Structure formats: C-alpha cells, structure tokens
$ cat input_5.txt   # compact mmCIF, C-alpha atoms
# COMPACT_ATOMS: atom_id res chain seq x y z
CA MET A 1346 -11.66 -47.76 -38.39
CA GLY A 1347 -9.42 -47.63 -35.34
CA MET A 1348 -6.70 -45.07 -35.20
CA GLY A 1349 -4.57 -47.35 -33.09
CA GLY A 1350 -5.34 -50.61 -34.86
CA TRP A 1351 -5.16 -52.37 -38.17
CA SER A 1352 -8.16 -52.03 -40.46
CA LEU A 1353 -8.84 -54.03 -43.58
CA GLY A 1354 -11.61 -54.79 -45.97
CA CYS A 1355 -13.54 -54.05 -49.12
CA GLN A 1356 -14.93 -50.54 -48.58
CA GLY A 1357 -13.24 -50.58 -45.13
CA HIS A 1358 -16.23 -51.86 -43.12
CA ALA A 1359 -15.50 -55.53 -42.42
CA VAL A 1360 -13.07 -55.06 -39.54
CA ALA A 1361 -15.10 -52.34 -37.83
CA LYS A 1362 -18.15 -54.59 -37.83
CA ALA A 1363 -16.13 -57.54 -36.57
CA ALA A 1364 -14.76 -55.44 -33.72
CA ALA A 1365 -18.26 -54.34 -32.81
CA ARG A 1366 -19.44 -57.95 -32.68
CA ARG A 1367 -16.60 -58.71 -30.28
CA GLY A 1368 -17.86 -55.93 -28.06
CA GLY A 1369 -14.79 -53.72 -28.32
CA ASP A 1370 -13.89 -50.32 -29.75
CA SER A 1371 -10.84 -50.69 -31.97
CA ARG A 1372 -9.89 -47.05 -31.35
CA CYS A 1373 -8.87 -47.84 -27.78
CA ARG A 1374 -6.54 -50.76 -28.47
CA ARG A 1375 -2.99 -51.27 -29.65
CA PRO A 1376 -2.60 -53.04 -32.98
CA GLY A 1377 -3.04 -56.75 -32.35
CA PRO A 1378 -2.45 -59.57 -34.81
CA PRO A 1379 -3.29 -58.29 -38.29
CA PRO A 1380 -6.36 -59.61 -40.06
CA PRO A 1381 -6.03 -62.26 -42.74
CA PRO A 1382 -5.20 -60.94 -46.19
CA ALA A 1383 -8.03 -59.53 -48.26
CA PRO A 1384 -9.36 -61.51 -51.22
CA ALA A 1385 -7.34 -61.12 -54.40
CA GLY A 1386 -7.84 -57.65 -55.84
CA ALA A 1387 -9.39 -56.22 -52.67
CA MET A 1388 -8.13 -52.87 -51.40
CA VAL A 1389 -6.52 -52.74 -47.95
CA LYS A 1390 -7.39 -49.75 -45.76
CA LEU A 1391 -5.25 -49.15 -42.68
CA ALA A 1392 -5.48 -46.56 -39.92
CA ALA A 1393 -2.55 -45.04 -38.03
CA LYS A 1394 -2.07 -42.65 -35.13
CA CYS A 1395 0.58 -40.14 -36.24
CA LEU A 1396 2.42 -37.96 -33.73
CA LEU A 1397 3.64 -34.64 -35.16
CA ALA A 1398 6.29 -33.01 -32.98
CA GLY A 1399 9.04 -30.39 -32.93
CA ASP A 1400 9.90 -26.95 -31.58
CA PRO A 1401 7.47 -24.01 -31.82
CA ALA A 1402 7.39 -22.17 -35.18
CA VAL A 1403 9.08 -24.90 -37.23
CA GLY A 1404 5.94 -25.36 -39.35
CA LYS A 1405 4.21 -28.39 -37.82
CA SER A 1406 0.70 -26.97 -37.95
CA ALA A 1407 1.23 -25.47 -41.41
CA LEU A 1408 2.39 -28.88 -42.64
CA ALA A 1409 -0.64 -30.65 -41.15
CA GLN A 1410 -3.08 -28.07 -42.53
CA MET A 1411 -1.53 -28.12 -46.00
CA PHE A 1412 -1.58 -31.89 -46.11
CA ARG A 1413 -5.19 -32.15 -44.94
CA SER A 1414 -6.38 -29.50 -47.42
CA ASP A 1415 -4.32 -30.82 -50.36
CA GLY A 1416 -2.38 -27.56 -50.47
CA ALA A 1417 -5.40 -25.27 -50.28
CA HIS A 1418 -4.73 -23.91 -46.79
CA PHE A 1419 -1.53 -22.26 -45.56
CA GLN A 1420 -1.21 -20.31 -42.31
CA LYS A 1421 0.13 -16.88 -43.31
CA ASN A 1422 0.42 -15.74 -39.71
CA TYR A 1423 2.02 -17.85 -37.00
CA THR A 1424 -0.24 -18.86 -34.12
CA LEU A 1425 0.76 -21.03 -31.19
CA THR A 1426 -0.95 -24.40 -31.12
CA ALA A 1427 -2.74 -24.57 -27.77
CA GLY A 1428 -2.30 -28.14 -26.62
CA ILE A 1429 -3.32 -30.71 -29.23
CA GLU A 1430 -5.12 -30.55 -32.56
CA LEU A 1431 -6.37 -33.66 -34.34
CA LEU A 1432 -6.52 -33.82 -38.13
CA VAL A 1433 -7.65 -36.79 -40.20
CA LYS A 1434 -6.58 -37.53 -43.76
CA ALA A 1435 -6.28 -40.67 -45.87
CA VAL A 1436 -3.35 -41.14 -48.23
CA SER A 1437 -2.71 -43.76 -50.89
CA VAL A 1438 0.23 -46.07 -50.34
CA PRO A 1439 2.74 -45.47 -53.15
CA GLU A 1440 2.83 -48.21 -55.81
CA THR A 1441 -0.26 -49.99 -54.40
CA SER A 1442 -4.05 -49.64 -54.45
CA ASP A 1443 -4.08 -49.58 -50.64
CA SER A 1444 -4.42 -46.58 -48.32
CA VAL A 1445 -3.65 -45.39 -44.80
CA GLU A 1446 -5.94 -43.05 -42.88
CA PHE A 1447 -3.77 -40.89 -40.63
CA PHE A 1448 -5.06 -39.51 -37.34
CA ILE A 1449 -2.53 -36.69 -36.99
CA PHE A 1450 -1.94 -35.29 -33.51
CA ASP A 1451 -0.44 -31.82 -34.00
CA SER A 1452 1.22 -31.06 -30.68
CA ALA A 1453 2.18 -27.78 -29.04
CA GLY A 1454 5.94 -27.26 -28.98
CA LYS A 1455 5.98 -25.71 -25.52
CA ASP A 1456 6.93 -27.65 -22.39
CA LEU A 1457 3.85 -26.06 -20.81
CA PHE A 1458 1.79 -28.85 -22.34
CA SER A 1459 4.19 -31.74 -21.61
CA GLU A 1460 1.87 -33.49 -19.14
CA MET A 1461 -0.98 -33.33 -21.65
CA LEU A 1462 1.27 -34.70 -24.38
CA GLU A 1463 2.17 -37.79 -22.39
CA LYS A 1464 -1.49 -38.77 -22.19
CA VAL A 1465 -2.43 -37.98 -25.78
CA TRP A 1466 0.73 -39.48 -27.25
CA GLU A 1467 0.08 -42.94 -25.86
CA GLN A 1468 0.39 -45.86 -28.28
CA PRO A 1469 1.48 -44.14 -31.52
CA ASN A 1470 1.82 -45.94 -34.84
CA VAL A 1471 4.06 -43.49 -36.75
CA LEU A 1472 6.16 -40.41 -35.93
CA CYS A 1473 6.77 -37.17 -37.84
CA LEU A 1474 9.51 -34.98 -36.35
CA VAL A 1475 9.88 -31.46 -37.83
CA TYR A 1476 12.68 -28.89 -37.54
CA ASP A 1477 13.55 -25.58 -39.23
CA ILE A 1478 16.63 -25.80 -41.47
CA THR A 1479 17.48 -22.16 -40.58
CA ASN A 1480 17.30 -22.82 -36.83
CA GLU A 1481 20.06 -25.06 -35.50
CA GLN A 1482 18.52 -25.21 -32.03
CA SER A 1483 15.30 -26.67 -33.43
CA PHE A 1484 17.42 -29.44 -34.99
CA ASN A 1485 19.41 -30.05 -31.80
CA ASN A 1486 16.16 -30.35 -29.87
CA CYS A 1487 15.08 -33.25 -32.09
CA ASP A 1488 16.94 -35.54 -29.68
CA LYS A 1489 14.65 -34.43 -26.89
CA TRP A 1490 11.50 -34.75 -28.97
CA LEU A 1491 12.41 -38.19 -30.27
CA GLU A 1492 13.14 -39.41 -26.76
CA LYS A 1493 9.70 -38.21 -25.61
CA LEU A 1494 7.98 -39.77 -28.60
CA ARG A 1495 9.63 -43.16 -28.26
CA ALA A 1496 8.99 -43.24 -24.53
CA GLN A 1497 5.34 -43.78 -25.46
CA ALA A 1498 6.11 -47.12 -27.14
CA VAL A 1499 9.10 -48.69 -25.40
CA GLY A 1500 10.22 -51.89 -27.08
CA VAL A 1501 7.94 -51.37 -30.10
CA HIS A 1502 9.19 -50.43 -33.56
CA ILE A 1503 7.52 -47.16 -34.58
CA PRO A 1504 8.23 -45.99 -38.15
CA GLY A 1505 9.18 -42.33 -38.39
CA VAL A 1506 10.45 -39.50 -40.57
CA LEU A 1507 12.59 -36.44 -39.85
CA VAL A 1508 11.45 -33.40 -41.84
CA GLY A 1509 13.51 -30.28 -42.54
CA ASN A 1510 11.16 -27.38 -43.30
CA LYS A 1511 11.70 -23.93 -44.84
CA THR A 1512 13.89 -24.80 -47.82
CA ASP A 1513 12.60 -21.53 -49.29
CA LEU A 1514 15.09 -19.89 -46.91
CA ALA A 1515 18.04 -21.95 -48.13
CA ASP A 1516 20.33 -18.88 -48.09
CA CYS A 1517 19.88 -18.82 -44.31
CA ARG A 1518 20.43 -22.56 -43.86
CA ALA A 1519 21.99 -23.46 -40.50
CA VAL A 1520 21.67 -27.26 -40.73
CA GLU A 1521 23.22 -29.06 -43.69
CA GLN A 1522 21.15 -31.73 -45.39
CA GLU A 1523 23.92 -34.32 -44.96
CA GLN A 1524 24.06 -33.64 -41.21
CA ALA A 1525 20.32 -34.13 -40.80
CA GLN A 1526 20.32 -37.21 -43.04
CA GLU A 1527 23.06 -38.79 -40.93
CA TRP A 1528 21.17 -38.04 -37.71
CA ALA A 1529 17.98 -39.55 -39.11
CA GLU A 1530 19.73 -42.74 -40.21
CA LYS A 1531 21.43 -43.06 -36.83
CA HIS A 1532 18.02 -43.00 -35.13
CA GLY A 1533 16.25 -45.27 -37.60
CA LEU A 1534 14.25 -42.53 -39.31
CA GLU A 1535 13.64 -41.63 -42.93
CA TYR A 1536 14.48 -38.07 -43.99
CA CYS A 1537 13.12 -35.42 -46.35
CA GLU A 1538 13.12 -31.65 -46.77
CA MET A 1539 10.29 -29.39 -47.85
CA SER A 1540 8.93 -25.87 -48.02
CA VAL A 1541 5.37 -25.62 -46.79
CA LYS A 1542 5.33 -21.93 -47.74
CA GLU A 1543 6.19 -22.69 -51.36
CA MET A 1544 4.05 -25.87 -51.34
CA LYS A 1545 7.08 -27.98 -52.23
CA ASN A 1546 7.27 -31.62 -51.12
CA PHE A 1547 4.79 -31.13 -48.25
CA GLU A 1548 3.08 -34.45 -49.00
CA ALA A 1549 6.35 -36.41 -48.94
CA PRO A 1550 6.49 -37.05 -45.16
CA PHE A 1551 3.08 -38.70 -45.14
CA HIS A 1552 3.73 -40.71 -48.29
CA ILE A 1553 6.90 -41.99 -46.63
CA LEU A 1554 5.02 -42.86 -43.44
CA ALA A 1555 2.22 -44.56 -45.38
CA LYS A 1556 4.73 -46.75 -47.18
CA LEU A 1557 6.56 -47.62 -43.94
CA PHE A 1558 3.36 -48.42 -42.06
CA HIS A 1559 2.02 -50.50 -44.94
CA GLN A 1560 5.29 -52.48 -45.04
CA LEU A 1561 5.04 -53.09 -41.30
CA TYR A 1562 1.49 -54.34 -41.80
CA LYS A 1563 2.62 -56.78 -44.51
CA GLU A 1564 5.39 -58.09 -42.26
CA LYS A 1565 2.90 -58.66 -39.44
CA VAL A 1566 0.57 -60.52 -41.80
CA GLU A 1567 3.44 -62.77 -42.89
CA THR A 1568 4.42 -63.41 -39.27
CA PHE A 1569 0.81 -64.14 -38.37
CA HIS A 1570 0.56 -66.78 -41.10
CA SER A 1571 3.92 -68.32 -40.27
CA LEU A 1572 2.65 -68.95 -36.73
CA ALA A 1573 -0.74 -70.25 -37.84

$ encode --input "input_5.txt" --output "structure tokens"
Amino acid sequence: MGMGGWSLGCQGHAVAKAAARRGGDSRCRRPGPPPPPAPAGAMVKLAAKCLLAGDPAVGKSALAQMFRSDGAHFQKNYTLTAGIELLVKAVSVPETSDSVEFFIFDSAGKDLFSEMLEKVWEQPNVLCLVYDITNEQSFNNCDKWLEKLRAQAVGVHIPGVLVGNKTDLADCRAVEQEQAQEWAEKHGLEYCEMSVKEMKNFEAPFHILAKLFHQLYKEKVETFHSLA
C-alpha cells in the first residue's frame, strides 16, 4: 500500500497489484482519483502519510511510541529525536469495518533539522500538531509549525488535529482548553487533550485522523463517480 496514495481492496492487495501492472510505485505519488468502491461488504484499507510536529519535549515521540505499541511502551526518560523517525500502525475507522494504515513521521522539534523536514514532509495526507498544556510557548509556536506543515501542500485540504498533552499536570496548566479549542477551530483542525504518561486518550488523535481521512476518501469517491 502507498503511504501517499489511496489503497483499497479485499485483503488490501488489489490496488498494489494494479499499480505494479501500471509500472509505478504508489508510495511515490500523491493521491490521485480514488478507486471505484469495493464490492458490497468488502473492507476498505487506506494508507496515509501523517506528519507529527510540535516543540521539543511536548510528547510527540512518546505519543507515537504509545500508539504503535498499543500502550505497552512509554519513554520514561526524554531523548531528543534526531531528525526523523518513521512508525507504521493501522487503525480501524470508528463506526466502520474499514481501516487506515498510518505512516507516522515523528519529526525533531529543533530548527537544526528544518531543511531535512522540508524534504521528508512533502505531500502529507494528515497532520498531528502537539503542544504541552503547561507550556504556553509550545502552544504559541503551533502557528509556526502549522505554517510549515501546510506549506508542503498548498491549495490542498489536509485533515489535522491539535493535541494538548500532559493533562496529568493540570494543576500547572498554562493554556486553557477553550483557548486551544478556539485556535484549532479557527485553523480548521480538530482538537483533543490527553496524557501519554497516564495512558489517557492517547489513541484519540489517530482515531480522529482516521475518521477525517476516511471521510475525505468517501467524498473523493463520490466526486469521481459524479464526473464519470
């Protein structure tokens, strides 16, 4: 399945084989017209390139690791992500039998790696922007991160979610939930809060993204058929 393209089929093989027959690698292309709908009762399997961004130490890597390991792995000691880490995990689309396989690009929060980010961030499908609810600066910097993320897909609608981490430190909260919710809505993002440390709600961002990406897929299928 291509991380930048739509994938569909019973057992998830039909599209990959079709792409191979056309002589192309679906991993290197932007999503084109979606495939025709699967036969009644068939399960749809999609693939999406997910960009995970935010300031250093907000919990991006911990979130990615917890999600990939189903809560079995949590980083007890903070370590700086050196450049880019890629994690792959499939998630079921809420209220459907379909699924989305996320190719999650966990990015370093330092400007030192900005040139590398521009290359790796090309052609994203979904965005996950993380800040620390106890660190107002990490929230303020979300403007900068979102601008960088969306610069990789100018003129293209990219579903995204703003995530407030560290609700276990609510007594030290510096960013009110209402403030963050308002900012997210203003920028066309969904919003949720979580505590990776306490394993609370850490799957929510990816369930939200899966639902948004699946909805976008359905809209593209409908558009495809209306033009046929």

$ closest_residue --input "input_5.txt" --among "A:Val1436, A:Ala1555, A:Val1475, A:Val1403" --to "Leu1491 in chain A" --atoms "all atoms listed in the file"
A:Val1475

$ closest_residue --input "input_5.txt" --among "A:Thr1512, A:Ser1437, A:Ser1414, A:Gln1482" --to "Lys1390 in chain A" --atoms "only C-alpha atoms"
A:Ser1437

$ closest_residue --input "input_5.txt" --among "A:Ile1478, A:Ser1406, A:Glu1440, A:Ala1549" --to "Gln1524 in chain A" --atoms "only C-alpha atoms"
A:Ile1478

$ atom_distance --input "input_5.txt" --atom1 "CA of Leu1514 in chain A" --atom2 "CA of Asn1485 in chain A"
18.7 Å

$ closest_residue --input "input_5.txt" --among "A:Lys1489, A:Leu1474, A:Leu1561, A:Ala1525" --to "Val1501 in chain A" --atoms "all atoms listed in the file"
A:Leu1561

$ atom_distance --input "input_5.txt" --atom1 "CA of Pro1469 in chain A" --atom2 "CA of Lys1394 in chain A"
5.3 Å

$ closest_residue --input "input_5.txt" --among "A:Thr1479, A:Gln1522, A:Asn1486, A:Gln1410" --to "Ile1449 in chain A" --atoms "all atoms listed in the file"
A:Gln1410

$ residues_around --input "input_5.txt" --residues "Cys1473 in chain A" --least-positions-apart "4" --cutoff "12 Å" --atoms "only C-alpha atoms" --output "compact mmCIF listing (two decimals) with C-alpha atoms, keeping the file's coordinate frame"
# COMPACT_ATOMS: atom_id res chain seq x y z
CA LYS A 1394 -2.07 -42.65 -35.13
CA CYS A 1395 0.58 -40.14 -36.24
CA LEU A 1396 2.42 -37.96 -33.73
CA LEU A 1397 3.64 -34.64 -35.16
CA ALA A 1398 6.29 -33.01 -32.98
CA GLY A 1399 9.04 -30.39 -32.93
CA GLY A 1404 5.94 -25.36 -39.35
CA LYS A 1405 4.21 -28.39 -37.82
CA SER A 1406 0.70 -26.97 -37.95
CA LEU A 1408 2.39 -28.88 -42.64
CA ALA A 1409 -0.64 -30.65 -41.15
CA PHE A 1447 -3.77 -40.89 -40.63
CA ILE A 1449 -2.53 -36.69 -36.99
CA PHE A 1450 -1.94 -35.29 -33.51
CA ASP A 1451 -0.44 -31.82 -34.00
CA SER A 1452 1.22 -31.06 -30.68
CA PRO A 1469 1.48 -44.14 -31.52
CA CYS A 1487 15.08 -33.25 -32.09
CA TRP A 1490 11.50 -34.75 -28.97
CA LEU A 1491 12.41 -38.19 -30.27
CA LEU A 1494 7.98 -39.77 -28.60
CA ARG A 1495 9.63 -43.16 -28.26
CA ILE A 1503 7.52 -47.16 -34.58
CA PRO A 1504 8.23 -45.99 -38.15
CA GLY A 1505 9.18 -42.33 -38.39
CA VAL A 1506 10.45 -39.50 -40.57
CA LEU A 1507 12.59 -36.44 -39.85
CA VAL A 1508 11.45 -33.40 -41.84
CA GLY A 1509 13.51 -30.28 -42.54
CA ALA A 1529 17.98 -39.55 -39.11
CA LEU A 1534 14.25 -42.53 -39.31
CA GLU A 1535 13.64 -41.63 -42.93
CA TYR A 1536 14.48 -38.07 -43.99
CA CYS A 1537 13.12 -35.42 -46.35
CA ALA A 1549 6.35 -36.41 -48.94
CA PRO A 1550 6.49 -37.05 -45.16
CA PHE A 1551 3.08 -38.70 -45.14
CA HIS A 1552 3.73 -40.71 -48.29
CA ILE A 1553 6.90 -41.99 -46.63
CA LEU A 1554 5.02 -42.86 -43.44
CA ALA A 1555 2.22 -44.56 -45.38

$ closest_residue --input "input_5.txt" --among "A:Phe1412, A:Phe1547, A:Tyr1562, A:Phe1569" --to "Val1433 in chain A" --atoms "all atoms listed in the file"
A:Phe1412

$ atom_distance --input "input_5.txt" --atom1 "CA of Ser1571 in chain A" --atom2 "CA of Pro1439 in chain A"
26.3 Å

$ axis_aligned_box --input "input_5.txt" --around "range 1541-1547 of chain A" --padding-each-side "3 Å" --output "AutoDock Vina command-line options"
--center_x 5.7 --center_y -26.8 --center_z -49.5 --size_x 9.2 --size_y 15.7 --size_z 11.4
